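Q: Mind having a look at this structure? Questions to follow.
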Amino acid sequence: MDITDRVVVITGASSGIGEATARLAHARGAHLVLVARRGDRLAALADELPGAEAVGADVTIPGDRRLIIDAATERFGRIDVLVNNAGRGLHVPLADVDPVDHVAILELNVVAALAMMQAVLPAMRAQHEGAIVNISSGTSKRVIPGVGAYAATKTALNMLSAVAREEFAPDGIVVSTVLPTYTASDFHDVLQAGQGPQRAPADADTVEHVAEEILRAIETGEAEIALPPMIPAGGR
Ligand SMILES: NC(=O)c1ccc[n+]([C@@H]2O[C@H](COP(=O)([O-])OP(=O)(O)OC[C@H]3O[C@@H](n4cnc5c(N)ncnc54)[C@H](OP(=O)(O)O)[C@@H]3O)[C@@H](O)[C@H]2O)c1
């Protein structure tokens, strides 16, 4: 799908990968619906991206999900793309995982991700067209001690995304999964619990590169884009 003039809903747009995706999609002519809980950051971003609609919302709350869909359809009359990006980490050894923390990231990374797919379905089905990109993680493809509980949520998301791709295809909706690797963002500071890996910035991917790959997923409709585990020395 060419995103020029398309209505693109991006969850987790207040920072990191979601914010970079919003900037790139805006530069390519998309109409944006920016979603996150920090309304002040969204409002500042919307000021920089003329025409963007900012919706302060928590994707784990059913009423907030309805607000997002209402805001998008009232403002633009359609929803072409969902970038299902809001997510959070939990980086502690399995022996120490607090079930309360585990439920919280399951609710956000898995349950809310599916609920957001369900929320955009009526609009996309009516158009007989749409693209959904679910943001997973490379941790779901490798066994990495210390991130098991988080990786398990993203592994569940991979399956939901793959099944959704099959189930929604007859409605003209293309579902893709993008799996970023270690990326420099606030993610490592706002974990549900635990500590992110201490890695040199030179080893980290950039949010701008991940955003390019997310837009590529929309444009090509590829089933899965797994980013390489490390950027080669010298960067991209
Ligand atoms: N950074 C990495 O190394 C990495 C690697 C692989 C995959 N990922 C995945 O990439 C995605 C984006 O992460 P990031 O690196 O950009 O981290 P980030 O900068 O912390 O961004 C996370 C975004 O999710 C939003 N969010 C969190 N809880 C929310 C909720 N309940 N409702 C609505 N929005 C919510 C946050 O906004 P508010 O706090 O304002 O709500 C923020 O905009 C996540 O799904 C993450 O799992 C990241």
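Within each chain, counting starts at residue 1; across the structure tokens, chains are named A, B, ... in the order shown, with ligands numbered 1 upward in that order.
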List as a VMD selection string the protein and nucleic acid residues near segment 1-6 of chain A, meaning an atom at most 10 Å away when only C-alpha atoms are counted, but skip any in the same chain fewer than 3 places from it.
A: chain A and resid 9 25 to 32 76 78 to 81 129 to 131 174 215 to 221
Q: So that I can see what lies close to Ile69 of chain A, please list as a VMD selection string the residues with an atom at most 9 Å from it, counting only C-alpha atoms and leaving out residues fewer than 3 positions away in the same chain.
A: chain A and resid 9 64 to 66 72 to 74 79 119 to 120 123
Q: Atoms to include: all heavy atoms. Write the selected residues as a PDB file, in the first residue's frame.
A:
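The result, written out as part_18.pdb:
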```pdb
ATOM      1  N   VAL A   9      -3.065   5.024  11.842  1.00  0.00           N
ATOM      2  CA  VAL A   9      -3.159   5.083  13.308  1.00  0.00           C
ATOM      3  C   VAL A   9      -1.887   4.454  13.878  1.00  0.00           C
ATOM      4  O   VAL A   9      -1.557   3.311  13.539  1.00  0.00           O
ATOM      5  CB  VAL A   9      -4.391   4.308  13.816  1.00  0.00           C
ATOM      6  CG1 VAL A   9      -4.428   4.297  15.347  1.00  0.00           C
ATOM      7  CG2 VAL A   9      -5.680   4.901  13.249  1.00  0.00           C
ATOM      8  N   ASP A  64     -11.096   3.628  25.900  1.00  0.00           N
ATOM      9  CA  ASP A  64     -10.077   4.425  25.205  1.00  0.00           C
ATOM     10  C   ASP A  64      -9.894   3.920  23.775  1.00  0.00           C
ATOM     11  O   ASP A  64      -9.683   4.710  22.842  1.00  0.00           O
ATOM     12  CB  ASP A  64      -8.733   4.350  25.949  1.00  0.00           C
ATOM     13  CG  ASP A  64      -8.689   5.266  27.164  1.00  0.00           C
ATOM     14  OD1 ASP A  64      -9.764   5.714  27.601  1.00  0.00           O
ATOM     15  OD2 ASP A  64      -7.579   5.523  27.670  1.00  0.00           O
ATOM     16  N   ARG A  65      -9.988   2.604  23.581  1.00  0.00           N
ATOM     17  CA  ARG A  65      -9.860   2.079  22.208  1.00  0.00           C
ATOM     18  C   ARG A  65     -11.008   2.601  21.347  1.00  0.00           C
ATOM     19  O   ARG A  65     -10.813   2.942  20.172  1.00  0.00           O
ATOM     20  CB  ARG A  65      -9.819   0.544  22.234  1.00  0.00           C
ATOM     21  CG  ARG A  65      -8.547  -0.015  22.871  1.00  0.00           C
ATOM     22  CD  ARG A  65      -8.375  -1.484  22.586  1.00  0.00           C
ATOM     23  NE  ARG A  65      -9.352  -2.326  23.232  1.00  0.00           N
ATOM     24  CZ  ARG A  65      -9.201  -2.906  24.430  1.00  0.00           C
ATOM     25  NH1 ARG A  65      -8.084  -2.747  25.122  1.00  0.00           N
ATOM     26  NH2 ARG A  65     -10.142  -3.665  24.930  1.00  0.00           N
ATOM     27  N   ARG A  66     -12.197   2.684  21.937  1.00  0.00           N
ATOM     28  CA  ARG A  66     -13.337   3.234  21.175  1.00  0.00           C
ATOM     29  C   ARG A  66     -13.084   4.696  20.812  1.00  0.00           C
ATOM     30  O   ARG A  66     -13.382   5.141  19.702  1.00  0.00           O
ATOM     31  CB  ARG A  66     -14.637   3.098  21.986  1.00  0.00           C
ATOM     32  CG  ARG A  66     -15.288   1.721  21.829  1.00  0.00           C
ATOM     33  CD  ARG A  66     -16.711   1.722  22.358  1.00  0.00           C
ATOM     34  NE  ARG A  66     -16.769   1.965  23.796  1.00  0.00           N
ATOM     35  CZ  ARG A  66     -16.575   1.004  24.714  1.00  0.00           C
ATOM     36  NH1 ARG A  66     -16.361  -0.252  24.346  1.00  0.00           N
ATOM     37  NH2 ARG A  66     -16.623   1.291  26.003  1.00  0.00           N
ATOM     38  N   ALA A  72     -10.506   8.809  14.838  1.00  0.00           N
ATOM     39  CA  ALA A  72      -9.986   8.601  13.480  1.00  0.00           C
ATOM     40  C   ALA A  72     -11.097   8.713  12.439  1.00  0.00           C
ATOM     41  O   ALA A  72     -10.938   9.390  11.418  1.00  0.00           O
ATOM     42  CB  ALA A  72      -9.310   7.227  13.383  1.00  0.00           C
ATOM     43  N   THR A  73     -12.220   8.068  12.704  1.00  0.00           N
ATOM     44  CA  THR A  73     -13.276   8.045  11.681  1.00  0.00           C
ATOM     45  C   THR A  73     -13.997   9.400  11.604  1.00  0.00           C
ATOM     46  O   THR A  73     -14.372   9.832  10.518  1.00  0.00           O
ATOM     47  CB  THR A  73     -14.265   6.891  11.922  1.00  0.00           C
ATOM     48  OG1 THR A  73     -14.684   6.921  13.283  1.00  0.00           O
ATOM     49  CG2 THR A  73     -13.641   5.549  11.643  1.00  0.00           C
ATOM     50  N   GLU A  74     -14.149  10.083  12.765  1.00  0.00           N
ATOM     51  CA  GLU A  74     -14.804  11.411  12.707  1.00  0.00           C
ATOM     52  C   GLU A  74     -13.912  12.407  11.977  1.00  0.00           C
ATOM     53  O   GLU A  74     -14.394  13.219  11.192  1.00  0.00           O
ATOM     54  CB  GLU A  74     -15.104  11.916  14.120  1.00  0.00           C
ATOM     55  CG  GLU A  74     -16.394  11.308  14.674  1.00  0.00           C
ATOM     56  CD  GLU A  74     -16.542  11.479  16.174  1.00  0.00           C
ATOM     57  OE1 GLU A  74     -15.941  12.427  16.736  1.00  0.00           O
ATOM     58  OE2 GLU A  74     -17.247  10.657  16.789  1.00  0.00           O
ATOM     59  N   ILE A  79      -9.968   4.350   8.149  1.00  0.00           N
ATOM     60  CA  ILE A  79      -8.687   3.939   8.762  1.00  0.00           C
ATOM     61  C   ILE A  79      -8.026   2.984   7.774  1.00  0.00           C
ATOM     62  O   ILE A  79      -8.561   1.914   7.486  1.00  0.00           O
ATOM     63  CB  ILE A  79      -8.888   3.230  10.116  1.00  0.00           C
ATOM     64  CG1 ILE A  79      -9.557   4.171  11.119  1.00  0.00           C
ATOM     65  CG2 ILE A  79      -7.549   2.731  10.655  1.00  0.00           C
ATOM     66  CD1 ILE A  79      -9.949   3.502  12.438  1.00  0.00           C
ATOM     67  N   ALA A 119     -10.403  -3.619  16.832  1.00  0.00           N
ATOM     68  CA  ALA A 119     -11.058  -2.299  16.813  1.00  0.00           C
ATOM     69  C   ALA A 119     -11.048  -1.669  15.415  1.00  0.00           C
ATOM     70  O   ALA A 119     -11.992  -0.971  15.047  1.00  0.00           O
ATOM     71  CB  ALA A 119     -10.370  -1.372  17.822  1.00  0.00           C
ATOM     72  N   VAL A 120      -9.969  -1.900  14.650  1.00  0.00           N
ATOM     73  CA  VAL A 120      -9.911  -1.288  13.304  1.00  0.00           C
ATOM     74  C   VAL A 120     -10.615  -2.136  12.254  1.00  0.00           C
ATOM     75  O   VAL A 120     -10.830  -1.675  11.128  1.00  0.00           O
ATOM     76  CB  VAL A 120      -8.453  -1.001  12.844  1.00  0.00           C
ATOM     77  CG1 VAL A 120      -7.783  -0.009  13.788  1.00  0.00           C
ATOM     78  CG2 VAL A 120      -7.630  -2.280  12.712  1.00  0.00           C
ATOM     79  N   ALA A 123     -13.891  -0.759  10.219  1.00  0.00           N
ATOM     80  CA  ALA A 123     -13.585   0.264   9.209  1.00  0.00           C
ATOM     81  C   ALA A 123     -12.876  -0.362   8.010  1.00  0.00           C
ATOM     82  O   ALA A 123     -13.206  -0.085   6.851  1.00  0.00           O
ATOM     83  CB  ALA A 123     -12.718   1.366   9.816  1.00  0.00           C
TER      84      ALA A 123
END
```
Q: In Å, rounded to a single decimal, give me how far atom CA of Val97 of chain A is from atom CA of Pro228 of chain A.
A: 27.8 Å
Q: Please, what distance in Å, to one decimal, runs between atom CA of Tyr150 of chain A and atom CA of Val83 of chain A?
A: 19.5 Å
Q: Would you please extract all strand (DSSP E) residues from segment 20-173 of chain A, as assigned by DSSP on the backbone, and give them as a list in words?
A: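 The strand (DSSP E) residues within segment 20-173 of chain A come out as His31, Leu32, Val33, Leu34, Val35, Ala36, Glu53, Ala54, Val55, Gly56, Val81, Leu82, Val83, Asn84, Gly130, Ala131, Ile132, Val133, Asn134, Ile135 and Ile173 of chain A.
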Q: 7 Å from ligand 1 is the threshold here; counting only C-alpha atoms and all ligand atoms, which polymer residues fall inside it? Answer as a ChimeraX atom specification.
A: /A:11-18,35-39,57-60,85-89,108-109,135-138,179-188,190
Q: Using only C-alpha atoms for the distances, tell me which of A:Gly56, A:Val100, A:Ala71, A:Thr177 is nearest to Met159 of chain A.
A: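 With only C-alpha atoms as the atom set, the closest residue is A:Thr177.
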Q: So, counting only C-alpha atoms, which residue among A:Glu212, A:Ala226, A:Val163, A:His128 is closest to Ser140 of chain A?
A: A:Ala226
Q: Could you pull out the alpha helix (DSSP H) residues of segment 1-182 of chain A, going by DSSP on the backbone, and write them as number ranges by chain?
A: A: 16-27, 39-48, 62-76, 99-106, 113-127, 148-168
Q: How many Å separate atom CA of Glu213 of chain A from atom CA of Thr21 of chain A?
A: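 Atom CA of Glu213 of chain A sits 9.3 Å away from atom CA of Thr21 of chain A.
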Q: Please identify all polymer residues within 9 Å of Val110 of chain A, counting only C-alpha atoms, omitting same-chain residues fewer than 3 positions from it, and present them as a list in words.
A: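 The contact residues come out as Gly87, Ile105, Leu106, Glu107, Ala113, Leu114, Ala115, Thr153, Lys154, Ala156, Leu157 and Leu160 of chain A.
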Q: For Leu94 of chain A, which of A:Ala162, A:Ala20, A:Ile225, A:Ala151 is the closest residue, counting only C-alpha atoms?
A: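 Distance minimum relative to Leu94 of chain A lands on A:Ala151.
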Q: Name all residues at most 12 Å from Gly146 of chain A (count only C-alpha atoms; drop same-chain ones fewer than 2 positions away) and give them as a count of residues only.
A: 23
